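*Asks:* Got start_5.cif for you, mmCIF, C-alpha atoms:
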data_final
#
loop_
_atom_site.label_atom_id
_atom_site.label_comp_id
_atom_site.auth_asym_id
_atom_site.auth_seq_id
_atom_site.Cartn_x
_atom_site.Cartn_y
_atom_site.Cartn_z
CA MET A 9 87.78 104.97 101.38
CA LYS A 10 84.33 105.81 100.07
CA ARG A 11 83.12 102.24 100.44
CA MET A 12 83.84 102.21 104.19
CA GLU A 13 81.62 105.28 104.61
CA GLU A 14 78.89 103.62 102.55
CA MET A 15 79.08 100.42 104.62
CA ILE A 16 78.87 102.40 107.88
CA LEU A 17 75.84 104.37 106.65
CA ARG A 18 74.12 101.29 105.27
CA TYR A 19 74.81 98.69 107.95
CA GLY A 20 76.11 100.57 111.03
CA SER A 21 74.12 101.97 113.93
CA VAL A 22 74.88 104.31 116.78
CA LEU A 23 74.16 102.92 120.23
CA PRO A 24 73.67 104.99 123.39
CA GLY A 25 77.02 105.84 125.00
CA GLY A 26 78.79 106.80 121.79
CA ILE A 27 79.25 103.23 120.54
CA LEU A 28 79.20 102.76 116.77
CA LYS A 29 77.95 99.26 116.03
CA VAL A 30 79.43 97.75 112.88
CA GLY A 31 79.12 94.16 114.01
CA SER A 32 77.29 93.02 110.92
CA PHE A 33 80.27 93.52 108.58
CA LEU A 34 83.47 94.56 110.41
CA ASN A 35 83.62 92.75 113.73
CA GLN A 36 81.50 89.94 115.22
CA GLN A 37 80.35 89.17 111.65
CA ILE A 38 82.92 89.84 108.95
CA ASP A 39 81.99 90.47 105.32
CA THR A 40 84.94 88.63 103.79
CA CYS A 41 84.61 90.25 100.34
CA PHE A 42 84.79 93.67 101.99
CA LEU A 43 87.64 92.41 104.19
CA VAL A 44 89.74 91.74 101.09
CA GLU A 45 89.05 95.31 99.89
CA ILE A 46 90.13 96.68 103.28
CA GLY A 47 93.36 94.70 103.08
CA GLU A 48 94.05 95.99 99.57
CA GLU A 49 93.40 99.59 100.59
CA ILE A 50 95.70 99.43 103.64
CA ALA A 51 98.38 97.75 101.53
CA ARG A 52 98.04 100.52 98.90
CA LEU A 53 98.32 103.26 101.53
CA PHE A 54 101.51 101.78 103.02
CA GLN A 55 103.05 100.16 99.94
CA HIS A 56 106.09 102.50 99.97
CA ASP A 57 106.80 102.28 103.69
CA ARG A 58 108.81 99.05 103.62
CA VAL A 59 106.60 97.42 106.26
CA THR A 60 108.14 94.22 107.66
CA LYS A 61 105.43 93.36 110.18
CA ILE A 62 101.89 94.26 111.17
CA LEU A 63 101.05 94.57 114.85
CA THR A 64 97.48 94.52 116.17
CA ILE A 65 95.76 93.68 119.43
CA GLU A 66 93.11 91.05 119.97
CA THR A 67 90.33 90.77 118.96
CA SER A 68 88.52 92.75 116.34
CA GLY A 69 91.56 94.19 114.56
CA ILE A 70 92.84 90.72 113.68
CA PRO A 71 90.82 90.10 110.48
CA MET A 72 91.85 93.37 108.81
CA ALA A 73 95.43 93.04 110.06
CA CYS A 74 95.58 89.61 108.39
CA ALA A 75 93.95 90.90 105.19
CA ALA A 76 96.53 93.70 104.98
CA GLY A 77 99.35 91.28 105.87
CA VAL A 78 98.36 88.96 103.04
CA LYS A 79 98.47 91.84 100.52
CA LEU A 80 101.73 93.33 101.87
CA GLY A 81 103.28 89.86 102.18
CA VAL A 82 104.35 90.37 105.81
CA PRO A 83 103.57 88.49 109.02
CA VAL A 84 100.95 89.69 111.47
CA VAL A 85 101.59 89.71 115.21
CA PHE A 86 98.81 90.23 117.69
CA ALA A 87 99.23 91.39 121.26
CA LYS A 88 97.12 89.55 123.81
CA LYS A 89 95.04 91.34 126.40
CA HIS A 90 96.61 89.41 129.28
CA GLN A 91 99.36 86.87 129.60
CA GLY A 92 98.09 83.36 128.86
CA SER A 93 99.81 80.10 129.57
CA ASN A 94 100.90 79.77 125.94
CA VAL A 95 102.97 82.97 125.92
CA ASP A 96 106.21 81.74 127.40
CA GLY A 97 109.60 83.38 127.65
CA GLN A 98 110.33 87.10 127.51
CA VAL A 99 107.39 89.38 126.81
CA TYR A 100 106.77 93.09 126.38
CA SER A 101 103.73 94.55 128.08
CA ALA A 102 101.90 97.88 128.28
CA GLU A 103 98.87 99.14 130.19
CA VAL A 104 95.91 100.15 128.00
CA HIS A 105 92.59 101.77 128.89
CA SER A 106 89.57 100.47 126.96
CA PHE A 107 87.02 103.12 126.01
CA THR A 108 84.48 100.52 124.88
CA HIS A 109 84.62 98.39 128.01
CA GLY A 110 85.58 101.12 130.51
CA ASN A 111 88.44 99.16 132.07
CA ASP A 112 92.22 98.80 131.94
CA TYR A 113 94.07 95.80 130.60
CA ARG A 114 97.61 94.71 129.88
CA ALA A 115 98.67 94.27 126.26
CA VAL A 116 101.29 91.54 126.05
CA VAL A 117 103.39 90.34 123.13
CA SER A 118 106.17 87.79 123.01
CA ALA A 119 109.60 89.34 122.51
CA ASP A 120 110.26 86.63 119.90
CA TYR A 121 107.86 88.22 117.44
CA LEU A 122 108.70 91.93 117.64
CA LEU A 123 112.33 92.61 116.78
CA PRO A 124 114.73 95.54 116.63
CA GLY A 125 114.85 96.59 113.01
CA ASP A 126 111.23 95.67 112.35
CA ARG A 127 109.29 98.34 110.45
CA VAL A 128 105.91 97.95 112.06
CA LEU A 129 102.48 98.98 110.81
CA LEU A 130 99.94 99.22 113.65
CA VAL A 131 96.42 98.13 112.68
CA ASP A 132 93.13 98.18 114.58
CA ASP A 133 89.47 98.40 113.69
CA PHE A 134 88.76 101.58 115.68
CA LEU A 135 90.86 104.64 116.44
CA ALA A 136 89.03 106.78 119.00
CA SER A 137 90.99 108.24 121.92
CA GLY A 138 93.97 106.29 120.63
CA ASN A 139 94.60 104.21 123.75
CA ALA A 140 95.03 100.90 121.96
CA PHE A 141 97.45 102.47 119.46
CA GLU A 142 99.37 104.06 122.36
CA GLY A 143 99.72 100.61 123.88
CA LEU A 144 100.98 99.19 120.58
CA LEU A 145 103.44 102.11 120.24
CA LYS A 146 104.80 101.28 123.71
CA LEU A 147 105.21 97.60 122.75
CA ALA A 148 107.08 98.57 119.57
CA ALA A 149 109.31 100.96 121.53
CA LEU A 150 110.13 98.26 124.09
CA ALA A 151 111.24 96.05 121.18
CA ASP A 152 113.29 98.87 119.57
CA ALA A 153 111.13 98.40 116.48
CA GLN A 154 110.27 101.35 114.24
CA VAL A 155 106.61 102.28 113.74
CA VAL A 156 105.97 103.34 110.13
CA GLY A 157 102.33 104.18 110.66
CA CYS A 158 98.88 103.43 112.00
CA ALA A 159 95.89 102.12 110.03
CA ALA A 160 92.33 102.01 111.31
CA ALA A 161 89.09 101.03 109.65
CA ILE A 162 87.11 103.74 111.44
CA GLU A 163 88.44 106.80 113.23
CA LYS A 164 86.22 108.68 115.64
CA GLY A 165 87.79 112.02 114.76
CA PHE A 166 85.87 113.83 117.48
CA GLN A 167 87.71 111.88 120.16
CA GLY A 168 91.03 113.29 119.00
CA GLY A 169 93.28 110.25 119.21
CA GLY A 170 94.10 110.16 115.49
CA ASP A 171 94.93 113.87 115.24
CA ALA A 172 97.10 113.64 118.37
CA LEU A 173 99.12 110.87 116.72
CA ARG A 174 99.39 112.90 113.48
CA ALA A 175 100.59 115.94 115.48
CA ARG A 176 103.40 113.76 116.84
CA GLY A 177 104.48 112.96 113.28
CA TYR A 178 102.95 109.53 112.78
CA LYS A 179 101.42 108.59 109.44
CA VAL A 180 97.83 107.73 110.36
CA GLU A 181 95.45 106.40 107.71
CA SER A 182 91.83 105.73 108.63
CA LEU A 183 89.50 104.33 105.99
CA ALA A 184 86.68 106.51 107.33
CA VAL A 185 86.91 109.43 109.77
CA ILE A 186 83.77 110.37 111.70
CA ASP A 187 83.72 113.98 112.85
CA ALA A 188 80.29 113.88 114.50
CA MET A 189 77.96 111.08 115.45
CA THR A 190 74.55 110.91 117.09
CA GLU A 191 71.76 108.35 117.00
CA LYS A 192 70.27 110.52 114.22
CA GLY A 193 73.23 110.75 111.89
CA ILE A 194 76.93 110.49 111.12
CA VAL A 195 79.14 113.25 109.66
CA PHE A 196 82.30 112.10 107.89
CA ARG A 197 85.44 114.22 107.56
CA PRO A 198 85.71 115.35 103.93
CA MET B 14 97.92 68.69 104.76
CA LYS B 15 101.59 67.76 104.53
CA ARG B 16 102.69 71.37 104.82
CA MET B 17 101.00 71.79 108.21
CA GLU B 18 102.98 68.82 109.55
CA GLU B 19 106.19 70.29 108.11
CA MET B 20 105.49 73.69 109.69
CA ILE B 21 104.80 72.09 113.10
CA LEU B 22 108.01 70.03 112.94
CA ARG B 23 110.09 72.97 111.76
CA TYR B 24 108.73 75.84 113.86
CA GLY B 25 106.63 74.29 116.65
CA SER B 26 107.77 73.23 120.10
CA VAL B 27 106.23 71.20 122.90
CA LEU B 28 106.03 72.98 126.24
CA PRO B 29 105.62 71.28 129.63
CA GLY B 30 101.96 70.54 130.37
CA GLY B 31 101.09 69.23 126.91
CA ILE B 32 101.02 72.63 125.21
CA LEU B 33 102.09 72.68 121.56
CA LYS B 34 103.54 76.11 120.82
CA VAL B 35 102.99 77.23 117.24
CA GLY B 36 103.03 80.93 118.02
CA SER B 37 105.64 81.76 115.42
CA PHE B 38 103.39 80.96 112.44
CA LEU B 39 99.80 80.08 113.45
CA ASN B 40 98.79 82.23 116.39
CA GLN B 41 100.47 85.23 118.07
CA GLN B 42 102.55 85.62 114.88
CA ILE B 43 100.79 84.62 111.68
CA ASP B 44 102.64 83.61 108.52
CA THR B 45 100.24 85.24 106.07
CA CYS B 46 101.46 83.25 103.03
CA PHE B 47 100.78 80.03 104.92
CA LEU B 48 97.47 81.48 106.13
CA VAL B 49 96.30 81.77 102.53
CA GLU B 50 97.22 78.10 101.95
CA ILE B 51 95.26 77.10 105.07
CA GLY B 52 92.23 79.00 103.79
CA GLU B 53 92.49 77.33 100.39
CA GLU B 54 92.78 73.86 101.93
CA ILE B 55 89.76 74.32 104.22
CA ALA B 56 87.75 75.72 101.30
CA ARG B 57 88.75 72.69 99.18
CA LEU B 58 87.73 70.25 101.92
CA PHE B 59 84.28 71.83 102.33
CA GLN B 60 83.64 73.09 98.78
CA HIS B 61 80.68 70.72 98.25
CA ASP B 62 79.00 71.33 101.62
CA ARG B 63 77.13 74.50 100.65
CA VAL B 64 78.59 76.45 103.58
CA THR B 65 76.77 79.75 104.18
CA LYS B 66 78.71 80.92 107.22
CA ILE B 67 81.85 80.19 109.21
CA LEU B 68 81.67 80.30 113.00
CA THR B 69 84.75 80.53 115.19
CA ILE B 70 85.56 81.76 118.69
CA GLU B 71 88.01 84.48 119.64
CA THR B 72 90.96 84.68 119.37
CA SER B 73 93.37 82.45 117.57
CA GLY B 74 90.91 80.78 115.20
CA ILE B 75 89.95 84.12 113.65
CA PRO B 76 92.76 84.42 111.06
CA MET B 77 92.17 80.97 109.55
CA ALA B 78 88.40 81.38 109.75
CA CYS B 79 88.74 84.60 107.73
CA ALA B 80 91.15 83.00 105.24
CA ALA B 81 88.67 80.16 104.66
CA GLY B 82 85.76 82.60 104.49
CA VAL B 83 87.51 84.62 101.79
CA LYS B 84 88.03 81.48 99.67
CA LEU B 85 84.50 80.11 100.25
CA GLY B 86 82.97 83.56 99.75
CA VAL B 87 80.97 83.43 102.99
CA PRO B 88 80.89 85.67 106.08
CA VAL B 89 82.75 84.79 109.26
CA VAL B 90 81.13 85.15 112.67
CA PHE B 91 83.12 84.95 115.84
CA ALA B 92 81.76 84.18 119.26
CA LYS B 93 83.13 86.31 122.08
CA LYS B 94 84.43 84.86 125.31
CA HIS B 95 82.18 87.05 127.45
CA GLN B 96 79.49 89.56 126.77
CA GLY B 97 80.98 92.97 126.00
CA SER B 98 79.18 96.27 125.89
CA ASN B 99 79.07 96.21 122.09
CA VAL B 100 77.04 93.00 121.85
CA ASP B 101 73.53 94.34 122.25
CA GLY B 102 70.17 92.66 121.72
CA GLN B 103 69.45 88.95 121.82
CA VAL B 104 72.43 86.65 122.20
CA TYR B 105 73.11 82.93 122.34
CA SER B 106 75.57 81.72 124.95
CA ALA B 107 77.22 78.46 125.98
CA GLU B 108 79.62 77.46 128.76
CA VAL B 109 83.03 76.25 127.57
CA HIS B 110 85.97 74.79 129.48
CA SER B 111 89.43 75.92 128.29
CA PHE B 112 92.10 73.22 128.36
CA THR B 113 94.89 75.73 127.67
CA HIS B 114 93.94 78.17 130.40
CA GLY B 115 92.33 75.72 132.82
CA ASN B 116 89.18 77.78 133.35
CA ASP B 117 85.57 78.07 132.18
CA TYR B 118 84.19 80.88 130.08
CA ARG B 119 80.97 81.84 128.35
CA ALA B 120 80.91 81.87 124.53
CA VAL B 121 78.49 84.52 123.32
CA VAL B 122 77.27 85.37 119.85
CA SER B 123 74.64 87.83 118.69
CA ALA B 124 71.45 86.19 117.46
CA ASP B 125 71.57 88.60 114.49
CA TYR B 126 74.52 86.78 112.95
CA LEU B 127 73.59 83.11 113.33
CA LEU B 128 70.32 82.27 111.61
CA PRO B 129 67.99 79.31 111.14
CA GLY B 130 68.84 77.88 107.75
CA ASP B 131 72.52 78.78 107.99
CA ARG B 132 74.86 75.95 106.98
CA VAL B 133 77.68 76.56 109.38
CA LEU B 134 81.30 75.44 109.22
CA LEU B 135 82.99 75.56 112.64
CA VAL B 136 86.66 76.58 112.54
CA ASP B 137 89.32 76.79 115.23
CA ASP B 138 93.09 76.55 115.37
CA PHE B 139 93.20 73.61 117.83
CA LEU B 140 90.93 70.61 118.33
CA ALA B 141 91.96 68.77 121.50
CA SER B 142 89.29 67.63 123.94
CA GLY B 143 86.79 69.39 121.70
CA ASN B 144 85.38 71.77 124.30
CA ALA B 145 85.49 74.85 122.10
CA PHE B 146 83.80 72.99 119.23
CA GLU B 147 81.16 71.69 121.67
CA GLY B 148 80.47 75.29 122.65
CA LEU B 149 80.15 76.31 119.00
CA LEU B 150 77.83 73.35 118.34
CA LYS B 151 75.61 74.54 121.20
CA LEU B 152 75.51 78.07 119.78
CA ALA B 153 74.55 76.74 116.33
CA ALA B 154 71.84 74.54 117.89
CA LEU B 155 70.42 77.50 119.82
CA ALA B 156 70.14 79.36 116.49
CA ASP B 157 68.58 76.34 114.72
CA ALA B 158 71.48 76.50 112.28
CA GLN B 159 72.86 73.35 110.69
CA VAL B 160 76.50 72.42 111.28
CA VAL B 161 78.06 71.00 108.10
CA GLY B 162 81.41 70.26 109.69
CA CYS B 163 84.39 71.20 111.81
CA ALA B 164 87.81 72.34 110.57
CA ALA B 165 90.91 72.64 112.74
CA ALA B 166 94.50 73.48 111.91
CA ILE B 167 95.88 71.03 114.45
CA GLU B 168 94.08 68.16 116.15
CA LYS B 169 95.55 66.58 119.25
CA GLY B 170 94.23 63.14 118.36
CA PHE B 171 95.32 61.65 121.68
CA GLN B 172 92.85 63.86 123.53
CA GLY B 173 89.94 62.28 121.68
CA GLY B 174 87.77 65.29 120.95
CA GLY B 175 87.98 64.97 117.16
CA ASP B 176 87.19 61.25 117.11
CA ALA B 177 84.26 61.78 119.50
CA LEU B 178 82.80 64.33 117.07
CA ARG B 179 83.37 61.94 114.12
CA ALA B 180 81.63 59.13 116.05
CA ARG B 181 78.60 61.40 116.36
CA GLY B 182 78.52 61.80 112.58
CA TYR B 183 80.18 65.18 112.13
CA LYS B 184 82.56 65.76 109.24
CA VAL B 185 85.78 66.75 110.99
CA GLU B 186 88.81 67.84 108.95
CA SER B 187 92.05 68.66 110.71
CA LEU B 188 95.03 69.80 108.66
CA ALA B 189 97.36 67.81 110.93
CA VAL B 190 96.44 65.18 113.52
CA ILE B 191 98.95 64.50 116.30
CA ASP B 192 98.63 61.05 117.83
CA ALA B 193 101.48 61.37 120.31
CA MET B 194 103.53 64.30 121.53
CA THR B 195 106.37 64.70 124.00
CA GLU B 196 109.12 67.28 124.37
CA LYS B 197 111.27 64.83 122.37
CA GLY B 198 109.04 64.31 119.37
CA ILE B 199 105.69 64.42 117.60
CA VAL B 200 103.91 61.49 115.91
CA PHE B 201 101.34 62.39 113.25
CA ARG B 202 98.38 60.21 112.33
CA PRO B 203 99.09 58.67 108.90
#
In structure tokens, what does this structure look like?

*Replies:*
Amino acid sequence: MKRMEEMILRYGSVLPGGILKVGSFLNQQIDTCFLVEIGEEIARLFQHDRVTKILTIETSGIPMACAAGVKLGVPVVFAKKHQGSNVDGQVYSAEVHSFTHGNDYRAVVSADYLLPGDRVLLVDDFLASGNAFEGLLKLAALADAQVVGCAAAIEKGFQGGGDALRARGYKVESLAVIDAMTEKGIVFRP
Amino acid sequence: MKRMEEMILRYGSVLPGGILKVGSFLNQQIDTCFLVEIGEEIARLFQHDRVTKILTIETSGIPMACAAGVKLGVPVVFAKKHQGSNVDGQVYSAEVHSFTHGNDYRAVVSADYLLPGDRVLLVDDFLASGNAFEGLLKLAALADAQVVGCAAAIEKGFQGGGDALRARGYKVESLAVIDAMTEKGIVFRP
């Protein structure tokens, strides 16, 4: 998606430690016009995959998951990063390592909202080493739901998570794939 | 909003401890068709208030904040519940007490995304004792931004937070106001 690359180049910045900051339009602050375009693009990419549900994980994947859910006409479920007092009953959980925050957390989703027979599209803002998507894959497997693909706004191709998922046969669509990134510049995958 | 009351009665449930569970359509799992209606209703209620930005706090207010932002054509900013490694630079922060989780947390937002002159609409899924909205009011005040109102999907009227904000002159619009709630039934404010 050419426009995602343009937005990254225009409004993004690379922070020390390999963090790409896109807080002015994608997370923290959300450009809602652009958000609608993201939802349309994800819906277009997965329009023939008979998606019945979108699964994301809190927090920053939620806006684009909802935008895509609106366009595909399917519900969005988000996994929580720990079990709160308002997740009652049976839950599925998976351990996830966070690259951004350098810690581990538990992704938890109520068993009521992820069902056998669901055709699940996994959505998140970033796909880097793929840890969050791995956690979502585990949650879907625990529910006996089928994963039809993974959608990310920005893939850090140089961290390998996206290509590892593709090698295992998953349909992975990232709206921009970054193959190299320094504080001086960003190289997108053609 | 009659439809919010209908959705609560049809799909909601009251858990011990005064928790209203609406996870099947409003948070955890989001009914995206209904989400669009929520966004339209909030936009209608605040269409004459010259909103320039919507401010919410992670996590469960984000979908409806985005839906309203799309309809109003304004960006959405969400405060984080603690300072992560990808919030750099100057930030505003406020202490907030969580009724649901029974703890305190720090709401943090980057100073880049909340500006003097902004006309801010505060949005969250629940308005109970009003602690989260108080935190958002503090953040807006720290930024010298003007708060034009507060929008909630569900107000627990019996906890008084909404009426306290109204008494202080704020425009508060809740799509359903619950005046009494037990495991046996829910009474809405007429």

*Asks:* I need the contact residues of chain B against chain A, so if you could list those with any atom within 10 Å, counting all atoms listed in the file, and return them as a PyMOL selection string, that would help.

*Replies:* chain B and resi 28+30+32-49+66-73+75-93+97-101+113-115+122-123+125-127

*Asks:* List as a list in words the residues having at least one atom at most 9 Å from position (96.0, 90.9, 129.4) as given in the file, counting only C-alpha atoms.

*Replies:*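 Residues with an atom close enough to that point: Ala87, Lys88, Lys89, His90, Gln91, Gly92, Ser101, Glu103, Tyr113, Arg114, Ala115 and Val116 of chain A.
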
*Asks:* Which residues are close to segment 180-184 of chain A, i.e. within 12 Å by all atoms listed in the file, leaving aside same-chain residues fewer than 2 positions away? Reply as a PDB file with C-alpha atoms, in the frame of the given file.

*Replies:*
ATOM      1  CA  MET A   9      87.780 104.970 101.380  1.00  0.00           C
ATOM      2  CA  LYS A  10      84.330 105.810 100.070  1.00  0.00           C
ATOM      3  CA  ARG A  11      83.120 102.240 100.440  1.00  0.00           C
ATOM      4  CA  MET A  12      83.840 102.210 104.190  1.00  0.00           C
ATOM      5  CA  GLU A  13      81.620 105.280 104.610  1.00  0.00           C
ATOM      6  CA  GLU A  14      78.890 103.620 102.550  1.00  0.00           C
ATOM      7  CA  MET A  15      79.080 100.420 104.620  1.00  0.00           C
ATOM      8  CA  ILE A  16      78.870 102.400 107.880  1.00  0.00           C
ATOM      9  CA  LEU A  17      75.840 104.370 106.650  1.00  0.00           C
ATOM     10  CA  GLU A  45      89.050  95.310  99.890  1.00  0.00           C
ATOM     11  CA  ILE A  46      90.130  96.680 103.280  1.00  0.00           C
ATOM     12  CA  GLY A  47      93.360  94.700 103.080  1.00  0.00           C
ATOM     13  CA  GLU A  48      94.050  95.990  99.570  1.00  0.00           C
ATOM     14  CA  GLU A  49      93.400  99.590 100.590  1.00  0.00           C
ATOM     15  CA  ILE A  50      95.700  99.430 103.640  1.00  0.00           C
ATOM     16  CA  ALA A  51      98.380  97.750 101.530  1.00  0.00           C
ATOM     17  CA  ARG A  52      98.040 100.520  98.900  1.00  0.00           C
ATOM     18  CA  LEU A  53      98.320 103.260 101.530  1.00  0.00           C
ATOM     19  CA  PHE A  54     101.510 101.780 103.020  1.00  0.00           C
ATOM     20  CA  MET A  72      91.850  93.370 108.810  1.00  0.00           C
ATOM     21  CA  LEU A 129     102.480  98.980 110.810  1.00  0.00           C
ATOM     22  CA  LEU A 130      99.940  99.220 113.650  1.00  0.00           C
ATOM     23  CA  VAL A 131      96.420  98.130 112.680  1.00  0.00           C
ATOM     24  CA  ASP A 132      93.130  98.180 114.580  1.00  0.00           C
ATOM     25  CA  ASP A 133      89.470  98.400 113.690  1.00  0.00           C
ATOM     26  CA  PHE A 134      88.760 101.580 115.680  1.00  0.00           C
ATOM     27  CA  LEU A 135      90.860 104.640 116.440  1.00  0.00           C
ATOM     28  CA  ALA A 136      89.030 106.780 119.000  1.00  0.00           C
ATOM     29  CA  GLY A 138      93.970 106.290 120.630  1.00  0.00           C
ATOM     30  CA  PHE A 141      97.450 102.470 119.460  1.00  0.00           C
ATOM     31  CA  VAL A 155     106.610 102.280 113.740  1.00  0.00           C
ATOM     32  CA  VAL A 156     105.970 103.340 110.130  1.00  0.00           C
ATOM     33  CA  GLY A 157     102.330 104.180 110.660  1.00  0.00           C
ATOM     34  CA  CYS A 158      98.880 103.430 112.000  1.00  0.00           C
ATOM     35  CA  ALA A 159      95.890 102.120 110.030  1.00  0.00           C
ATOM     36  CA  ALA A 160      92.330 102.010 111.310  1.00  0.00           C
ATOM     37  CA  ALA A 161      89.090 101.030 109.650  1.00  0.00           C
ATOM     38  CA  ILE A 162      87.110 103.740 111.440  1.00  0.00           C
ATOM     39  CA  GLU A 163      88.440 106.800 113.230  1.00  0.00           C
ATOM     40  CA  LYS A 164      86.220 108.680 115.640  1.00  0.00           C
ATOM     41  CA  GLY A 165      87.790 112.020 114.760  1.00  0.00           C
ATOM     42  CA  GLY A 169      93.280 110.250 119.210  1.00  0.00           C
ATOM     43  CA  GLY A 170      94.100 110.160 115.490  1.00  0.00           C
ATOM     44  CA  ASP A 171      94.930 113.870 115.240  1.00  0.00           C
ATOM     45  CA  ALA A 172      97.100 113.640 118.370  1.00  0.00           C
ATOM     46  CA  LEU A 173      99.120 110.870 116.720  1.00  0.00           C
ATOM     47  CA  ARG A 174      99.390 112.900 113.480  1.00  0.00           C
ATOM     48  CA  ALA A 175     100.590 115.940 115.480  1.00  0.00           C
ATOM     49  CA  ARG A 176     103.400 113.760 116.840  1.00  0.00           C
ATOM     50  CA  GLY A 177     104.480 112.960 113.280  1.00  0.00           C
ATOM     51  CA  TYR A 178     102.950 109.530 112.780  1.00  0.00           C
ATOM     52  CA  ILE A 186      83.770 110.370 111.700  1.00  0.00           C
ATOM     53  CA  ASP A 187      83.720 113.980 112.850  1.00  0.00           C
ATOM     54  CA  ILE A 194      76.930 110.490 111.120  1.00  0.00           C
ATOM     55  CA  VAL A 195      79.140 113.250 109.660  1.00  0.00           C
ATOM     56  CA  PHE A 196      82.300 112.100 107.890  1.00  0.00           C
ATOM     57  CA  ARG A 197      85.440 114.220 107.560  1.00  0.00           C
ATOM     58  CA  PRO A 198      85.710 115.350 103.930  1.00  0.00           C
TER      59      PRO A 198
END

*Asks:* With all atoms listed in the file as the counted atoms, please give the residues lying no more than 10 Å from Gly125 of chain A, apart from itself and same-chain residues fewer than 3 positions off, as an NGL selection string.

*Replies:* :A and (60 or 122 or 128 or 151-154)

*Asks:* So the first atom is atom CA of Ser26 of chain B and the second is atom CA of Lys146 of chain A; what is the distance between them in Å, to one decimal place?

*Replies:*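 It comes out at 28.4 Å.
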
*Asks:* Using the file's own x, y and z axes, what box holds all listed atoms of segment 142-148 of chain B with 3 Å on each side, keeping edges along x, y and z, and what are its centre and edge lengths in Å to one decimal, as AutoDock Vina command-line options?

*Replies:*
--center_x 84.9 --center_y 71.5 --center_z 121.8 --size_x 14.8 --size_y 13.7 --size_z 11.1

*Asks:* How many Å separate atom CA of Pro24 of chain A from atom CA of Met189 of chain A?

*Replies:* 10.9 Å

*Asks:* Go through B:Ala124, B:Pro129, B:Tyr24, B:Phe112 one by one, measure the shortest atom-to-atom distance of each to Ala145 of chain B using all atoms listed in the file, and give the residue with the smallest value.

*Replies:*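 Result for the nearest residue to Ala145 of chain B: B:Phe112.
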
*Asks:* In Å, how far is it from atom CA of Leu128 of chain B to atom CA of Val22 of chain A?

*Replies:*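 These two atoms are separated by 23.1 Å.
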
*Asks:* Please produce segment 128-138 of chain A, completed to N, CA, C and O atoms, as an mmCIF file, in the frame of the given file.

*Replies:*
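Heads up, here's the output in selection-v7.cif:
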data_model
loop_
_atom_site.group_PDB
_atom_site.id
_atom_site.type_symbol
_atom_site.label_atom_id
_atom_site.label_comp_id
_atom_site.auth_asym_id
_atom_site.auth_seq_id
_atom_site.Cartn_x
_atom_site.Cartn_y
_atom_site.Cartn_z
ATOM 1 N N VAL A 128 107.197 98.470 111.622
ATOM 2 C CA VAL A 128 105.910 97.950 112.060
ATOM 3 C C VAL A 128 104.759 98.878 111.664
ATOM 4 O O VAL A 128 104.817 100.086 111.881
ATOM 5 N N LEU A 129 103.734 98.276 111.074
ATOM 6 C CA LEU A 129 102.480 98.980 110.810
ATOM 7 C C LEU A 129 101.479 98.544 111.878
ATOM 8 O O LEU A 129 101.218 97.348 112.036
ATOM 9 N N LEU A 130 100.930 99.520 112.616
ATOM 10 C CA LEU A 130 99.940 99.220 113.650
ATOM 11 C C LEU A 130 98.554 99.247 113.025
ATOM 12 O O LEU A 130 98.217 100.191 112.305
ATOM 13 N N VAL A 131 97.748 98.237 113.297
ATOM 14 C CA VAL A 131 96.420 98.130 112.680
ATOM 15 C C VAL A 131 95.382 97.822 113.758
ATOM 16 O O VAL A 131 95.617 96.982 114.636
ATOM 17 N N ASP A 132 94.255 98.526 113.708
ATOM 18 C CA ASP A 132 93.130 98.180 114.580
ATOM 19 C C ASP A 132 91.838 98.589 113.892
ATOM 20 O O ASP A 132 91.866 99.389 112.961
ATOM 21 N N ASP A 133 90.720 98.038 114.347
ATOM 22 C CA ASP A 133 89.470 98.400 113.690
ATOM 23 C C ASP A 133 89.048 99.833 114.005
ATOM 24 O O ASP A 133 88.688 100.586 113.128
ATOM 25 N N PHE A 134 89.153 100.234 115.276
ATOM 26 C CA PHE A 134 88.760 101.580 115.680
ATOM 27 C C PHE A 134 89.946 102.394 116.175
ATOM 28 O O PHE A 134 90.835 101.865 116.846
ATOM 29 N N LEU A 135 89.929 103.672 115.850
ATOM 30 C CA LEU A 135 90.860 104.640 116.440
ATOM 31 C C LEU A 135 89.985 105.751 117.011
ATOM 32 O O LEU A 135 89.365 106.506 116.262
ATOM 33 N N ALA A 136 89.897 105.784 118.337
ATOM 34 C CA ALA A 136 89.030 106.780 119.000
ATOM 35 C C ALA A 136 89.933 107.699 119.824
ATOM 36 O O ALA A 136 90.544 108.619 119.297
ATOM 37 N N SER A 137 90.078 107.434 121.108
ATOM 38 C CA SER A 137 90.990 108.240 121.920
ATOM 39 C C SER A 137 92.439 107.819 121.671
ATOM 40 O O SER A 137 93.366 108.520 122.065
ATOM 41 N N GLY A 138 92.621 106.702 121.019
ATOM 42 C CA GLY A 138 93.970 106.290 120.630
ATOM 43 C C GLY A 138 94.672 105.417 121.655
ATOM 44 O O GLY A 138 95.861 105.129 121.518
#
